[in-house]
>>> print(open('data_33.txt').read())   # compact mmCIF, C-alpha atoms and all ligand atoms
# COMPACT_ATOMS: atom_id res chain seq x y z
CA MET A 67 -35.55 20.96 7.69
CA LYS A 68 -34.52 17.77 9.43
CA ALA A 69 -33.26 14.47 8.01
CA THR A 70 -31.65 11.27 9.29
CA THR A 71 -29.33 9.10 7.23
CA ILE A 72 -27.67 5.76 7.78
CA ALA A 73 -24.43 5.17 5.88
CA PRO A 74 -22.12 2.16 5.77
CA ALA A 75 -18.37 2.17 6.18
CA ASN A 76 -16.62 0.43 3.30
CA ILE A 77 -13.63 -1.84 2.97
CA ALA A 78 -11.28 -0.93 0.13
CA PHE A 79 -10.33 -3.88 -2.07
CA ILE A 80 -8.16 -1.45 -4.07
CA LYS A 81 -7.07 1.38 -1.81
CA TYR A 82 -7.02 5.16 -1.97
CA TRP A 83 -3.63 6.23 -0.67
CA GLY A 84 -2.48 9.57 -2.06
CA LYS A 85 -4.03 12.81 -3.32
CA ARG A 86 -3.22 14.62 -6.56
CA ASP A 87 -5.16 17.65 -5.27
CA GLU A 88 -5.37 18.31 -1.55
CA ARG A 89 -8.19 20.85 -1.58
CA LEU A 90 -10.49 18.94 -3.95
CA ARG A 91 -9.46 15.56 -2.50
CA LEU A 92 -8.72 14.18 -5.96
CA PRO A 93 -6.98 10.83 -5.50
CA THR A 94 -3.86 9.64 -7.29
CA ASN A 95 -5.65 6.42 -8.29
CA SER A 96 -9.09 4.89 -8.69
CA SER A 97 -10.25 2.49 -5.97
CA VAL A 98 -12.83 -0.27 -5.42
CA SER A 99 -14.70 -1.17 -2.24
CA MET A 100 -17.57 -3.03 -0.62
CA ASN A 101 -20.08 -1.39 1.74
CA LEU A 102 -20.28 -2.95 5.21
CA SER A 103 -23.62 -3.87 6.81
CA ALA A 104 -22.52 -3.89 10.46
CA ALA A 105 -20.27 -0.83 10.50
CA THR A 106 -22.55 2.13 10.02
CA THR A 107 -22.99 5.77 11.00
CA THR A 108 -26.42 7.24 11.70
CA THR A 109 -26.61 11.03 11.47
CA THR A 110 -29.43 13.48 12.00
CA VAL A 111 -29.07 17.03 10.69
CA GLU A 112 -31.54 19.77 11.51
CA PHE A 113 -31.31 23.31 10.15
CA SER A 114 -33.12 26.11 11.93
CA ASP A 115 -33.04 29.88 12.07
CA SER A 116 -33.16 29.56 15.85
CA TYR A 117 -29.56 28.21 15.89
CA GLN A 118 -26.83 30.83 16.22
CA GLU A 119 -24.04 28.42 15.34
CA ASP A 120 -23.52 24.81 14.26
CA ASP A 121 -23.77 22.32 17.10
CA ILE A 122 -21.99 18.99 16.52
CA GLN A 123 -22.84 16.13 18.90
CA PHE A 124 -21.25 12.67 18.87
CA VAL A 125 -23.43 10.31 20.91
CA ASP A 126 -20.57 8.14 22.21
CA ASP A 127 -17.83 10.68 22.83
CA GLU A 128 -16.93 14.33 22.54
CA ALA A 129 -16.24 15.76 19.06
CA THR A 130 -12.70 17.18 18.99
CA GLN A 131 -12.09 20.73 17.76
CA ARG A 132 -10.48 19.29 14.66
CA GLU A 133 -13.44 17.05 13.88
CA THR A 134 -15.90 19.89 14.50
CA THR A 135 -13.99 22.21 12.14
CA ARG A 136 -13.95 19.58 9.39
CA ILE A 137 -17.69 18.90 9.79
CA VAL A 138 -18.59 22.61 9.81
CA ALA A 139 -16.50 23.13 6.64
CA HIS A 140 -18.52 20.36 5.00
CA LEU A 141 -21.82 21.88 6.15
CA ASP A 142 -20.62 25.16 4.57
CA ARG A 143 -20.14 23.40 1.20
CA ILE A 144 -23.65 21.99 1.35
CA ARG A 145 -25.16 25.31 2.51
CA LYS A 146 -23.42 27.03 -0.41
CA ARG A 147 -24.97 24.53 -2.85
CA ALA A 148 -28.42 25.13 -1.32
CA LYS A 149 -27.90 28.92 -1.05
CA SER A 150 -28.72 28.70 2.65
CA SER A 151 -27.17 30.41 5.65
CA LEU A 152 -29.06 28.42 8.30
CA ARG A 153 -27.03 26.85 11.10
CA ALA A 154 -27.43 23.18 11.97
CA ARG A 155 -27.58 20.74 14.83
CA VAL A 156 -25.84 17.47 13.93
CA VAL A 157 -26.18 14.31 16.03
CA THR A 158 -24.12 11.32 14.95
CA GLN A 159 -23.49 7.80 16.20
CA ASN A 160 -21.26 4.96 14.96
CA SER A 161 -22.02 1.26 15.36
CA PHE A 162 -18.29 0.49 15.65
CA PRO A 163 -15.21 1.82 17.48
CA LYS A 164 -14.17 5.12 15.97
CA SER A 165 -10.79 5.70 14.30
CA SER A 166 -9.76 2.07 14.56
CA GLY A 167 -9.01 1.30 10.94
CA ILE A 168 -12.66 0.88 10.06
CA ALA A 169 -13.20 3.99 8.00
CA SER A 170 -15.35 6.15 10.30
CA SER A 171 -14.70 9.17 8.11
CA ALA A 172 -16.20 7.30 5.13
CA SER A 173 -19.52 6.44 6.79
CA GLY A 174 -19.48 9.72 8.72
CA PHE A 175 -19.11 12.07 5.76
CA ALA A 176 -21.43 9.97 3.57
CA ALA A 177 -24.15 10.16 6.24
CA LEU A 178 -23.53 13.87 6.84
CA THR A 179 -23.71 14.69 3.11
CA VAL A 180 -26.95 12.82 2.44
CA ALA A 181 -28.63 14.02 5.66
CA ALA A 182 -27.63 17.68 5.25
CA ALA A 183 -28.59 17.76 1.56
CA GLY A 184 -31.91 16.08 2.45
CA ALA A 185 -32.62 18.48 5.31
CA LEU A 186 -32.02 21.48 3.02
CA GLY A 187 -34.25 20.00 0.33
CA LEU A 188 -31.38 19.74 -2.18
CA THR A 189 -32.26 17.15 -4.79
CA LEU A 190 -28.96 15.86 -6.10
CA ALA A 191 -28.32 12.88 -8.35
CA GLU A 192 -26.26 10.07 -6.79
CA LYS A 193 -23.21 11.09 -8.84
CA GLU A 194 -23.33 14.62 -7.42
CA LEU A 195 -23.78 13.31 -3.88
CA THR A 196 -20.63 11.23 -4.34
CA THR A 197 -18.53 14.19 -5.52
CA LEU A 198 -19.87 16.30 -2.65
CA ALA A 199 -19.14 13.58 -0.05
CA ARG A 200 -15.61 13.20 -1.51
CA LEU A 201 -14.82 16.81 -0.59
CA GLY A 202 -15.48 15.89 3.07
CA SER A 203 -13.48 12.65 3.06
CA GLY A 204 -12.26 10.83 -0.03
CA SER A 205 -13.43 7.34 0.86
CA ALA A 206 -16.89 8.71 1.82
CA CYS A 207 -17.85 8.91 -1.86
CA ARG A 208 -17.71 5.09 -2.01
CA SER A 209 -20.25 4.78 0.85
CA ILE A 210 -23.06 6.37 -1.19
CA PRO A 211 -23.74 3.95 -4.10
CA ASP A 212 -25.08 0.45 -3.48
CA GLY A 213 -22.92 -2.61 -2.73
CA PHE A 214 -19.67 -2.95 -4.65
CA VAL A 215 -18.38 0.45 -5.74
CA GLU A 216 -15.69 1.99 -7.92
CA TRP A 217 -14.40 5.53 -7.32
CA LEU A 218 -13.00 6.88 -10.58
CA ALA A 219 -9.96 9.04 -9.78
CA GLY A 220 -10.77 11.71 -12.39
CA LYS A 221 -8.82 14.91 -12.86
CA THR A 222 -11.59 17.40 -12.11
CA ASN A 223 -14.16 17.78 -9.33
CA ASP A 224 -17.03 16.44 -11.47
CA ALA A 225 -15.05 13.56 -12.96
CA SER A 226 -13.92 12.18 -9.60
CA HIS A 227 -17.05 10.28 -8.60
CA ALA A 228 -18.17 6.87 -7.39
CA TYR A 229 -20.72 4.48 -8.89
CA CYS A 230 -22.17 1.04 -8.19
CA LEU A 231 -20.32 -1.80 -9.95
CA TYR A 232 -22.68 -4.46 -8.56
CA PRO A 233 -25.55 -4.19 -6.05
CA HIS A 234 -25.08 -5.62 -2.54
CA THR A 235 -27.21 -8.63 -3.52
CA HIS A 236 -24.73 -9.62 -6.26
CA TRP A 237 -22.39 -11.80 -4.20
CA ASP A 238 -22.90 -12.99 -0.61
CA LEU A 239 -19.41 -12.19 0.67
CA ARG A 240 -18.43 -11.61 4.28
CA ASP A 241 -16.01 -9.13 5.77
CA ILE A 242 -15.23 -10.47 9.24
CA VAL A 243 -13.32 -7.73 11.02
CA ALA A 244 -10.96 -8.82 13.75
CA ILE A 245 -10.66 -5.79 16.04
CA VAL A 246 -7.31 -5.97 17.79
CA ASP A 247 -7.13 -2.39 19.02
CA THR A 248 -9.90 0.14 19.60
CA GLU A 249 -7.58 3.02 20.46
CA LYS A 250 -7.64 6.10 18.26
CA LYS A 251 -5.08 6.07 15.45
CA LYS A 252 -1.95 8.11 16.11
CA VAL A 253 -1.73 9.24 12.49
CA ALA A 254 -5.06 9.80 10.69
CA SER A 255 -5.33 8.69 7.04
CA THR A 256 -5.56 12.32 5.93
CA GLU A 257 -2.12 13.19 7.31
CA GLY A 258 -0.70 9.73 6.66
CA MET A 259 -1.19 9.89 2.93
CA ASP A 260 0.42 13.33 2.68
CA GLY A 261 3.81 11.65 2.84
CA VAL A 262 3.08 9.09 0.12
CA ILE A 263 5.18 10.86 -2.49
CA THR A 264 8.31 10.28 -0.38
CA SER A 265 8.08 6.50 -0.73
CA PRO A 266 10.38 5.14 -3.46
CA LEU A 267 7.72 2.48 -4.05
CA PHE A 268 4.87 4.87 -4.79
CA GLN A 269 5.28 5.11 -8.58
CA THR A 270 5.53 1.33 -8.87
CA ARG A 271 2.32 1.07 -6.88
CA LEU A 272 0.51 3.52 -9.18
CA ALA A 273 1.63 1.60 -12.25
CA ALA A 274 0.27 -1.66 -10.82
CA ILE A 275 -3.17 -0.37 -9.88
CA PRO A 276 -5.03 -0.42 -13.25
CA GLY A 277 -4.18 -4.12 -13.67
CA ARG A 278 -5.34 -4.87 -10.13
CA ILE A 279 -8.61 -3.02 -10.67
CA ALA A 280 -9.23 -5.08 -13.81
CA ARG A 281 -8.59 -8.29 -11.83
CA VAL A 282 -10.90 -7.23 -8.98
CA LYS A 283 -13.66 -6.43 -11.48
CA ALA A 284 -13.20 -9.81 -13.18
CA ALA A 285 -13.30 -11.56 -9.80
CA LEU A 286 -16.50 -9.75 -8.85
CA GLN A 287 -18.09 -10.55 -12.19
CA LYS A 288 -17.20 -14.26 -11.95
CA LYS A 289 -17.70 -14.40 -8.16
CA ASP A 290 -14.26 -15.98 -7.99
CA ILE A 291 -13.04 -15.81 -4.37
CA ALA A 292 -9.54 -17.13 -5.09
CA LEU A 293 -8.97 -14.48 -7.75
CA LEU A 294 -10.41 -11.73 -5.54
CA GLY A 295 -8.39 -12.86 -2.53
CA ALA A 296 -5.09 -12.93 -4.40
CA VAL A 297 -5.54 -9.33 -5.58
CA LEU A 298 -6.75 -8.19 -2.15
CA GLU A 299 -3.68 -9.42 -0.36
CA GLU A 300 -1.27 -8.19 -3.03
CA GLU A 301 -2.88 -4.73 -2.87
CA CYS A 302 -2.98 -4.60 0.94
CA LEU A 303 0.67 -5.58 1.29
CA ASP A 304 1.62 -3.07 -1.40
CA MET A 305 -0.17 -0.16 0.32
CA HIS A 306 1.45 -1.03 3.65
CA ARG A 307 4.90 -1.34 2.03
CA VAL A 308 4.40 2.20 0.70
CA CYS A 309 3.33 3.39 4.19
CA GLN A 310 6.37 1.76 5.78
CA THR A 311 8.76 3.38 3.30
CA GLN A 312 7.32 6.91 3.49
CA ILE A 313 9.22 9.60 5.36
CA PRO A 314 8.37 9.49 8.20
CA PRO A 315 7.38 5.81 7.96
CA LEU A 316 3.94 4.65 9.10
CA TYR A 317 3.59 1.28 10.82
CA TYR A 318 -0.07 0.51 11.28
CA TRP A 319 0.21 -3.16 12.29
CA ASN A 320 0.83 -4.66 15.71
CA ASP A 321 1.88 -8.18 16.74
CA VAL A 322 -1.69 -9.48 16.69
CA THR A 323 -2.13 -8.12 13.14
CA ARG A 324 0.93 -10.14 12.07
CA ASP A 325 -0.33 -13.25 13.91
CA ILE A 326 -3.62 -13.05 12.02
CA ILE A 327 -1.86 -12.67 8.65
CA ARG A 328 0.18 -15.79 9.45
CA ALA A 329 -2.89 -17.72 10.62
CA VAL A 330 -4.83 -16.86 7.43
CA GLY A 331 -2.02 -18.43 5.40
CA GLU A 332 -2.25 -21.60 7.51
CA TRP A 333 -6.05 -21.78 7.27
CA ARG A 334 -5.82 -21.50 3.50
CA LYS A 335 -3.34 -24.36 3.35
CA GLY A 336 -6.04 -26.32 5.18
CA GLY A 337 -8.49 -25.55 2.35
CA LEU A 338 -10.37 -22.57 3.79
CA ALA A 339 -10.92 -19.78 1.23
CA VAL A 340 -10.28 -16.74 3.44
CA TYR A 341 -8.15 -13.70 2.59
CA PHE A 342 -7.02 -10.62 4.50
CA THR A 343 -6.96 -6.91 3.83
CA ILE A 344 -6.03 -4.04 6.18
CA ASP A 345 -6.69 -0.28 5.97
CA ALA A 346 -4.80 2.41 7.89
CA GLY A 347 -4.90 0.65 11.27
CA PRO A 348 -4.06 -2.65 12.95
CA ASN A 349 -7.44 -4.37 12.52
CA VAL A 350 -7.74 -7.15 9.97
CA HIS A 351 -10.62 -7.60 7.53
CA LEU A 352 -11.11 -11.27 6.64
CA ILE A 353 -12.92 -11.74 3.35
CA CYS A 354 -14.68 -15.02 2.60
CA GLU A 355 -17.91 -16.37 1.15
CA ALA A 356 -21.07 -16.70 3.31
CA LYS A 357 -20.74 -20.48 3.49
CA ASP A 358 -17.42 -20.15 5.35
CA GLU A 359 -18.53 -17.46 7.84
CA GLN A 360 -18.98 -19.80 10.84
CA VAL A 361 -15.66 -21.55 10.42
CA VAL A 362 -13.75 -18.30 9.96
CA VAL A 363 -15.38 -16.71 13.04
CA GLU A 364 -14.60 -19.78 15.16
CA LYS A 365 -10.99 -19.80 14.01
CA VAL A 366 -10.50 -16.08 14.62
CA LYS A 367 -11.86 -16.45 18.15
CA THR A 368 -9.19 -19.05 18.95
CA LEU A 369 -6.43 -16.44 18.40
CA SER A 370 -5.26 -14.36 21.33
CA GLY A 371 -5.49 -10.58 21.34
CA ILE A 372 -8.82 -10.28 19.50
CA GLU A 373 -10.99 -7.67 21.26
CA GLN A 374 -14.07 -7.95 19.10
CA VAL A 375 -15.31 -9.55 15.87
CA ILE A 376 -17.67 -7.69 13.54
CA ILE A 377 -19.43 -9.68 10.82
CA ASN A 378 -20.35 -7.66 7.74
CA LYS A 379 -22.35 -8.53 4.66
CA PRO A 380 -22.34 -6.38 1.51
CA ALA A 381 -24.64 -3.41 2.16
CA GLN A 382 -26.67 -0.68 0.53
CA GLY A 383 -25.18 2.78 0.29
CA ALA A 384 -26.13 5.84 2.36
CA HIS A 385 -29.87 6.45 2.49
CA LEU A 386 -32.40 8.61 4.29
CA ILE A 387 -34.43 6.85 6.98
C1 LIG B 1 -6.42 3.44 4.00
O1 LIG B 1 -10.85 8.65 3.06
O2 LIG B 1 -10.01 8.59 5.42
O3 LIG B 1 -8.77 3.59 4.31
O4 LIG B 1 -9.80 11.77 2.16
O5 LIG B 1 -8.14 12.35 3.87
O6 LIG B 1 -10.47 11.73 4.56
P1 LIG B 1 -9.34 11.53 3.58
O7 LIG B 1 -8.85 10.03 3.73
P2 LIG B 1 -9.69 8.71 3.99
O8 LIG B 1 -8.61 7.60 3.59
C2 LIG B 1 -8.89 6.24 3.54
C3 LIG B 1 -7.63 5.48 3.34
C4 LIG B 1 -7.74 3.96 3.44
C5 LIG B 1 -7.92 3.33 2.08
C6 LIG B 1 -9.28 3.41 1.47
O9 LIG B 1 -10.30 3.42 2.18
O10 LIG B 1 -9.34 3.43 0.23
>>> encode(input="data_33.txt", output="structure tokens", more="lines below")
Ligand code: DP6
Amino acid sequence: MKATTIAPANIAFIKYWGKRDERLRLPTNSSVSMNLSAATTTTTVEFSDSYQEDDIQFVDDEATQRETTRIVAHLDRIRKRAKSSLRARVVTQNSFPKSSGIASSASGFAALTVAAAGALGLTLAEKELTTLARLGSGSACRSIPDGFVEWLAGKTNDASHAYCLYPHTHWDLRDIVAIVDTEKKKVASTEGMDGVITSPLFQTRLAAIPGRIARVKAALQKKDIALLGAVLEEECLDMHRVCQTQIPPLYYWNDVTRDIIRAVGEWRKGGLAVYFTIDAGPNVHLICEAKDEQVVVEKVKTLSGIEQVIINKPAQGAHLI
């Protein structure tokens, strides 16, 4: 009754920002992402009748009451599916700074879902694992299939699932994450996106998304970095414009974030095919092809204010180890 899972975080090329149904975590739009090889969560779940209550252990820091409650609620969903009332011990560790704009809830809930289902002997198809993970954290459903993934918004629990667009071996991209701040976010994505409806730009954003998804898919199919990069930046800036015009407004960037955005523009003028995207935090994800990895890393390291650089390749989805 024990299982260990490793799950990747993912970077959203087209972002999930808004829920049509809070309880079921149904998103307002479909999204597309890439799994990250060097930003992972490893989780062990063990069920036993000797446990009186769930015990949640984070290896690197203390689980907050809020985090524990959310994890226990997810264990309850999985127990219900397996018709089990056994309590669990959960031990979890991230390979990257938590709550820093790398989606720790994505890798965390993907790992928890696959490990807990495995430990209870639930045999679920990948599609079902993605819908189950989604109930824990929306973006977690994209960390289950292999490589490059689309999460179909759907209007019902079963329809809102994620699937592999292309395996991780399809295109040797890099996501070089420039960590500029490892502090915990002041406003978590969950609360942040609650205010999305108050932005006057939200409807315009929703109308633009199907076209962007089509362009991202075409770029992935053709392995066209310039096409992918153009959509990435347009989408990132659009999501952050929505954040900044919500009530209350959310400003996730800091001065270093802005310096990097400016530098990327300069590097591109110099012929380097590198593009930025940013989730709900100040850290910048620099997307390029494998052949440009060295140059991009060297350039990033010349900027001031960079605390750490994480180099990711496209990765497999969550799996038992
Ligand atoms: C900006 O998946 O963390 O990273 O469903 O409330 O847990 P909850 O939200 P979460 O939101 C991720 C938002 C994002 C964009 C993305 O990953 O698509």
>>> atom_distance(input="data_33.txt", atom1="atom CA of A:Tyr318", atom2="atom C1 of ligand LIG 1 (chain B)")
10.1 Å
>>> closest_residue(input="data_33.txt", among="A:Thr197, A:Thr264, A:Asn76, A:Thr106", to="ligand LIG 1 (chain B)", atoms="only C-alpha atoms and all ligand atoms")
A:Asn76
>>> residues_near_ligand(input="data_33.txt", ligand="ligand LIG 1 (chain B)", cutoff="8 Å", atoms="all atoms listed in the file", output="PyMOL selection string")
chain A and resi 76-83+91+97-99+167-172+200-206+254-257+259+344-347
>>> atom_distance(input="data_33.txt", atom1="atom CA of A:Leu141", atom2="atom CA of A:Ala154")
8.2 Å
>>> residues_around(input="data_33.txt", residues="A:Lys193", least_positions_apart="5", cutoff="8 Å", atoms="only C-alpha atoms", output="list in words")
His227, Ala228 and Tyr229 of chain A
>>> write_last_selection(input="data_33.txt", atoms="C-alpha atoms", output="PDB file, in the frame of the given file")
ATOM      1  CA  HIS A 227     -17.050  10.280  -8.600  1.00  0.00           C
ATOM      2  CA  ALA A 228     -18.170   6.870  -7.390  1.00  0.00           C
ATOM      3  CA  TYR A 229     -20.720   4.480  -8.890  1.00  0.00           C
TER       4      TYR A 229
END
>>> decode(input="data_33.txt", residues="stretch 264-275 of chain A", atoms="all heavy atoms", output="mmCIF file, in the first residue's frame")
data_model
loop_
_atom_site.group_PDB
_atom_site.id
_atom_site.type_symbol
_atom_site.label_atom_id
_atom_site.label_comp_id
_atom_site.auth_asym_id
_atom_site.auth_seq_id
_atom_site.Cartn_x
_atom_site.Cartn_y
_atom_site.Cartn_z
ATOM 1 N N THR A 264 -12.941 40.496 -13.355
ATOM 2 C CA THR A 264 -13.015 41.947 -13.182
ATOM 3 C C THR A 264 -12.118 42.707 -14.166
ATOM 4 O O THR A 264 -12.186 43.931 -14.248
ATOM 5 C CB THR A 264 -12.588 42.357 -11.752
ATOM 6 O OG1 THR A 264 -11.228 41.928 -11.543
ATOM 7 C CG2 THR A 264 -13.479 41.724 -10.692
ATOM 8 N N SER A 265 -11.287 41.991 -14.912
ATOM 9 C CA SER A 265 -10.437 42.689 -15.878
ATOM 10 C C SER A 265 -11.228 42.992 -17.146
ATOM 11 O O SER A 265 -11.823 42.079 -17.742
ATOM 12 C CB SER A 265 -9.223 41.841 -16.255
ATOM 13 O OG SER A 265 -8.629 42.385 -17.420
ATOM 14 N N PRO A 266 -11.206 44.249 -17.609
ATOM 15 C CA PRO A 266 -11.928 44.569 -18.852
ATOM 16 C C PRO A 266 -11.295 43.889 -20.066
ATOM 17 O O PRO A 266 -11.878 43.879 -21.147
ATOM 18 C CB PRO A 266 -11.815 46.100 -18.941
ATOM 19 C CG PRO A 266 -10.674 46.470 -18.060
ATOM 20 C CD PRO A 266 -10.585 45.424 -16.993
ATOM 21 N N LEU A 267 -10.114 43.318 -19.882
ATOM 22 C CA LEU A 267 -9.416 42.683 -21.006
ATOM 23 C C LEU A 267 -9.664 41.181 -21.091
ATOM 24 O O LEU A 267 -9.189 40.511 -21.998
ATOM 25 C CB LEU A 267 -7.906 42.942 -20.887
ATOM 26 C CG LEU A 267 -7.488 44.399 -20.767
ATOM 27 C CD1 LEU A 267 -5.977 44.512 -20.613
ATOM 28 C CD2 LEU A 267 -7.958 45.195 -21.978
ATOM 29 N N PHE A 268 -10.413 40.653 -20.121
ATOM 30 C CA PHE A 268 -10.547 39.195 -20.025
ATOM 31 C C PHE A 268 -11.270 38.584 -21.235
ATOM 32 O O PHE A 268 -10.829 37.580 -21.803
ATOM 33 C CB PHE A 268 -11.248 38.826 -18.712
ATOM 34 C CG PHE A 268 -11.397 37.345 -18.505
ATOM 35 C CD1 PHE A 268 -10.304 36.491 -18.616
ATOM 36 C CD2 PHE A 268 -12.640 36.791 -18.198
ATOM 37 C CE1 PHE A 268 -10.443 35.119 -18.418
ATOM 38 C CE2 PHE A 268 -12.780 35.429 -17.994
ATOM 39 C CZ PHE A 268 -11.692 34.595 -18.108
ATOM 40 N N GLN A 269 -12.375 39.189 -21.647
ATOM 41 C CA GLN A 269 -13.135 38.624 -22.775
ATOM 42 C C GLN A 269 -12.314 38.649 -24.065
ATOM 43 O O GLN A 269 -12.373 37.720 -24.876
ATOM 44 C CB GLN A 269 -14.475 39.369 -22.961
ATOM 45 C CG GLN A 269 -15.466 39.158 -21.814
ATOM 46 C CD GLN A 269 -15.741 37.681 -21.495
ATOM 47 O OE1 GLN A 269 -15.743 36.818 -22.374
ATOM 48 N NE2 GLN A 269 -15.954 37.370 -20.217
ATOM 49 N N THR A 270 -11.552 39.719 -24.229
ATOM 50 C CA THR A 270 -10.689 39.828 -25.422
ATOM 51 C C THR A 270 -9.662 38.704 -25.403
ATOM 52 O O THR A 270 -9.349 38.080 -26.416
ATOM 53 C CB THR A 270 -9.958 41.194 -25.414
ATOM 54 O OG1 THR A 270 -10.918 42.190 -25.085
ATOM 55 C CG2 THR A 270 -9.317 41.496 -26.742
ATOM 56 N N ARG A 271 -9.122 38.461 -24.203
ATOM 57 C CA ARG A 271 -8.155 37.367 -24.057
ATOM 58 C C ARG A 271 -8.780 36.030 -24.467
ATOM 59 O O ARG A 271 -8.197 35.281 -25.241
ATOM 60 C CB ARG A 271 -7.666 37.306 -22.601
ATOM 61 C CG ARG A 271 -6.970 36.045 -22.232
ATOM 62 C CD ARG A 271 -6.297 36.090 -20.867
ATOM 63 N NE ARG A 271 -5.786 34.775 -20.514
ATOM 64 C CZ ARG A 271 -4.752 34.189 -21.096
ATOM 65 N NH1 ARG A 271 -4.110 34.811 -22.072
ATOM 66 N NH2 ARG A 271 -4.363 32.992 -20.746
ATOM 67 N N LEU A 272 -9.989 35.756 -23.941
ATOM 68 C CA LEU A 272 -10.631 34.468 -24.240
ATOM 69 C C LEU A 272 -10.859 34.303 -25.742
ATOM 70 O O LEU A 272 -10.673 33.211 -26.286
ATOM 71 C CB LEU A 272 -11.970 34.343 -23.496
ATOM 72 C CG LEU A 272 -11.882 34.111 -21.992
ATOM 73 C CD1 LEU A 272 -13.274 33.864 -21.419
ATOM 74 C CD2 LEU A 272 -10.959 32.931 -21.658
ATOM 75 N N ALA A 273 -11.232 35.402 -26.396
ATOM 76 C CA ALA A 273 -11.498 35.324 -27.833
ATOM 77 C C ALA A 273 -10.225 35.028 -28.625
ATOM 78 O O ALA A 273 -10.270 34.407 -29.693
ATOM 79 C CB ALA A 273 -12.135 36.634 -28.306
ATOM 80 N N ALA A 274 -9.080 35.453 -28.089
ATOM 81 C CA ALA A 274 -7.814 35.286 -28.826
ATOM 82 C C ALA A 274 -7.209 33.889 -28.647
ATOM 83 O O ALA A 274 -6.349 33.471 -29.435
ATOM 84 C CB ALA A 274 -6.807 36.339 -28.356
ATOM 85 N N ILE A 275 -7.643 33.180 -27.621
ATOM 86 C CA ILE A 275 -6.941 31.938 -27.268
ATOM 87 C C ILE A 275 -7.039 30.808 -28.320
ATOM 88 O O ILE A 275 -6.010 30.205 -28.643
ATOM 89 C CB ILE A 275 -7.315 31.484 -25.846
ATOM 90 C CG1 ILE A 275 -6.530 32.397 -24.893
ATOM 91 C CG2 ILE A 275 -6.966 30.008 -25.591
ATOM 92 C CD1 ILE A 275 -6.657 32.123 -23.450
#
